[in-house]
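Report on the structure given below.
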Amino acid sequence: MAGFILVSGCTSGATDTGNYGSEVTDNQEKSLIVFCGAGLREPMEEIAKIYEEKEGVVIKYTFGGSAQLLSQMELLGSGDVYMPGARAYIDSAAKKGFIEESKDVVYHVLLIATQKGNPKNIQSIDDLTKDGIKVGIGEPEGNAVGQASKSVLTKNNLWEDIQDNIVVKSGTVNELLVYLKMEQVDAVLIWSELPSPELFDIVNIPLEEGFVKVVPVGKLTFSEKPGEAQKFVDFVSSDEGKEIFLKYNFETYPNPKYKGLEA
């Protein structure tokens, strides 16, 4: 279970949401504060290690739900880079004057993950509404995967029918796999790059029924190191940065098969 628990040790100065106040140290002039969606944790931690070796700049993350991070940034009025789980959050940040421009990096594609062996024989998104199926989703107002889950269920006229089956609404996408591993739910709606095939079964949602999110990254307008912040944004969105995401089963932007489906 250690691989799933979110409070495990962090690398390259990464921290979880709630520790922001202690992040900036004596090395402040050579560090950047990055607000990052929790589902991006693994590749972004590797990117931080590589970037520190290349540039001598320590990347200090605050991971969490995209909406939660946006509220935190607004409250603090500080930080350098924002990388939420979907464009909608960057757009909201831009409307508030926090972001001037952003770059698209990878996709989040929604699928269903079930307990290993799929004991409830879930074969489609419609099956999530059957009697006795316990479902976990992200918090619809709190993170990108929750927003996407509500959108895809609404799109397929299932949102009302599934309400009695939803037993978990998690604050971060990673927590959903913990609930699934502990058999507290039969299925979760989650991003395609996250489930481990040796631990879970997956059920793909046809593209015409599903939901695809574009994940962007942008420099915050209140950064006190705008040049360094933009340089990190450029690195994350570069071919070298995208290669790291590929290692973690992400699909990189752009991809013609998602044209017209992106959100």
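We name chains A, B, ... following the order of the structure tokens; residues begin at 1 in each chain, and ligands are numbered from 1 as shown.
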
Using DSSP assignments from the backbone, pull out every residue in region 174-210 of chain A that falls under strand (DSSP E or B) and give it to me as a ChimeraX atom specification. /A:187-191,200-204

Give me the residues near Phe245 (chain A) as a PyMOL selection string, where near means some atom within 12 Å (using only C-alpha atoms) and where sequence neighbours in that chain fewer than 4 positions away do not count. chain A and resi 39-47+105-108+193-194+215+236-241+249-253

The selected residues should be written to file as a short mmCIF file (atom, residue, chain, number, x, y, z; two decimals), in the first residue's frame (atoms: N, CA and C atoms).
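Listed below is the output, result_34.cif:
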data_model
loop_
_atom_site.label_atom_id
_atom_site.label_comp_id
_atom_site.auth_asym_id
_atom_site.auth_seq_id
_atom_site.Cartn_x
_atom_site.Cartn_y
_atom_site.Cartn_z
N GLY A 39 -2.50 14.21 -9.79
CA GLY A 39 -2.36 13.12 -10.75
C GLY A 39 -1.12 13.21 -11.61
N LEU A 40 -0.39 14.32 -11.52
CA LEU A 40 0.81 14.53 -12.31
C LEU A 40 2.08 14.31 -11.49
N ARG A 41 1.92 13.84 -10.29
CA ARG A 41 3.01 13.81 -9.32
C ARG A 41 4.26 13.07 -9.81
N GLU A 42 4.11 11.83 -10.26
CA GLU A 42 5.29 11.02 -10.58
C GLU A 42 6.16 11.64 -11.68
N PRO A 43 5.59 11.96 -12.86
CA PRO A 43 6.46 12.56 -13.88
C PRO A 43 7.01 13.92 -13.47
N MET A 44 6.21 14.70 -12.75
CA MET A 44 6.69 16.02 -12.37
C MET A 44 7.80 15.95 -11.33
N GLU A 45 7.81 14.95 -10.48
CA GLU A 45 8.91 14.80 -9.53
C GLU A 45 10.19 14.42 -10.27
N GLU A 46 10.07 13.57 -11.30
CA GLU A 46 11.26 13.24 -12.08
C GLU A 46 11.76 14.46 -12.86
N ILE A 47 10.83 15.23 -13.39
CA ILE A 47 11.20 16.47 -14.09
C ILE A 47 11.96 17.40 -13.14
N VAL A 105 0.53 20.30 -22.63
CA VAL A 105 1.61 19.33 -22.45
C VAL A 105 1.16 17.89 -22.73
N VAL A 106 0.15 17.42 -22.00
CA VAL A 106 -0.29 16.03 -22.13
C VAL A 106 -1.82 15.96 -22.05
N TYR A 107 -2.33 14.72 -22.15
CA TYR A 107 -3.76 14.47 -22.02
C TYR A 107 -4.06 13.68 -20.76
N HIS A 108 -5.23 13.93 -20.20
CA HIS A 108 -5.85 13.05 -19.23
C HIS A 108 -7.03 12.40 -19.94
N GLU A 193 -3.52 6.83 -17.27
CA GLU A 193 -2.12 6.54 -16.99
C GLU A 193 -1.88 6.01 -15.57
N LEU A 194 -2.89 6.04 -14.70
CA LEU A 194 -2.66 5.75 -13.29
C LEU A 194 -2.78 4.28 -12.87
N VAL A 215 -3.91 18.89 -20.47
CA VAL A 215 -3.22 19.38 -19.27
C VAL A 215 -2.20 20.45 -19.67
N VAL A 236 9.10 21.92 -19.14
CA VAL A 236 8.02 20.93 -18.95
C VAL A 236 7.31 20.65 -20.27
N SER A 237 7.11 21.67 -21.07
CA SER A 237 6.35 21.53 -22.32
C SER A 237 7.24 21.19 -23.52
N SER A 238 8.54 21.05 -23.29
CA SER A 238 9.46 20.73 -24.38
C SER A 238 9.39 19.25 -24.74
N ASP A 239 10.04 18.88 -25.82
CA ASP A 239 10.10 17.46 -26.20
C ASP A 239 10.77 16.64 -25.10
N GLU A 240 11.79 17.18 -24.46
CA GLU A 240 12.47 16.47 -23.38
C GLU A 240 11.52 16.26 -22.20
N GLY A 241 10.76 17.28 -21.86
CA GLY A 241 9.80 17.14 -20.77
C GLY A 241 8.72 16.13 -21.11
N ASN A 249 3.20 6.62 -18.95
CA ASN A 249 1.99 6.21 -19.67
C ASN A 249 1.05 7.36 -20.04
N PHE A 250 1.54 8.59 -20.00
CA PHE A 250 0.74 9.72 -20.49
C PHE A 250 0.82 9.76 -22.01
N GLU A 251 -0.21 10.32 -22.62
CA GLU A 251 -0.18 10.64 -24.05
C GLU A 251 0.09 12.13 -24.18
N THR A 252 1.04 12.48 -25.04
CA THR A 252 1.48 13.87 -25.11
C THR A 252 0.70 14.64 -26.17
N TYR A 253 0.61 15.93 -25.92
CA TYR A 253 -0.11 16.85 -26.81
C TYR A 253 0.85 17.33 -27.91
#

Which residue of A:Ile162, A:Ala113, A:Leu32, A:Ile99 approaches Thr129 (chain A) most closely, using only C-alpha atoms: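 Smallest distance to Thr129 (chain A) is found for A:Ile162.
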
Do a neighbour search on Ala38 (chain A) at 8 Å with only C-alpha atoms, toss out local chain neighbours closer than 3 positions, and write the hits as a ChimeraX atom specification. /A:41,63-65,172-174

Contacts of region 118-128 of chain A at 7 Å or less, counting only C-alpha atoms, minus same-chain residues fewer than 3 places along, as a ChimeraX atom specification? /A:114-115,133,135,162,201,203,205

Enter the distance from CA of Gln163 (chain A) to CA of Leu189 (chain A), in Å, rounded to one decimal.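 Those two atoms sit 13.9 Å apart.
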
Length of the CA of Val58 (chain A) to CA of Ala94 (chain A) vector [Å]: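 One can read the CA of Val58 (chain A) to CA of Ala94 (chain A) distance as 25.5 Å.
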
I'd like the contact shell of Glu55 (chain A) - 12 Å cut-off, only C-alpha atoms, skipping same-chain residues fewer than 5 positions apart - returned as a PyMOL selection string. chain A and resi 30-32+47-50+228-229+231-232+235

From the options A:Val178, A:Pro216, A:Ile202, A:Phe211, which residue's atoms come nearest to Gly37 (chain A), counting only C-alpha atoms?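 Result for the nearest residue to Gly37 (chain A): A:Pro216.
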
One number please: CA of Asn156 (chain A) to CA of Glu209 (chain A), in Å, one decimal. 6.7 Å

Counting only C-alpha atoms, which of A:Lys225, A:Lys213, A:Lys96, A:Lys181 gets nearest to Lys116 (chain A)?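 Checking each of A:Lys225, A:Lys213, A:Lys96, A:Lys181 against Lys116 (chain A), counting only C-alpha atoms, the winner is A:Lys181.
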
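Nearest to Ala93 (chain A) of all the residues A:Val217, A:Val233, A:Val145, A:Leu158 is A:Val217, counting only C-alpha atoms.
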
Point out the residue among A:Ile33, A:Gln230, A:Tyr82, A:Tyr258 with the least atom-to-atom distance to Leu207 (chain A), counting only C-alpha atoms.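 Residue with the minimum atom-to-atom distance to Leu207 (chain A): A:Tyr258.
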
Using only C-alpha atoms, which protein or nucleic acid residues come within 7 Å of Val81 (chain A)? Drop anything in the same chain fewer than 5 positions from it, and give the result as a PyMOL selection string. chain A and resi 33-35+218-220+229

Residues from the last selection, C-alpha atoms, saved as a CSV table (one decimal), in the first residue's frame:
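Result saved to out11.csv:
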chain,number,residue,atom,x,y,z
A,33,ILE,CA,7.1,27.2,-6.2
A,34,VAL,CA,4.9,25.0,-8.5
A,35,PHE,CA,1.2,24.3,-7.8
A,218,GLY,CA,1.6,28.3,-17.1
A,219,LYS,CA,3.7,31.0,-15.4
A,220,LEU,CA,2.0,32.9,-12.6
A,229,ALA,CA,9.4,30.4,-14.0
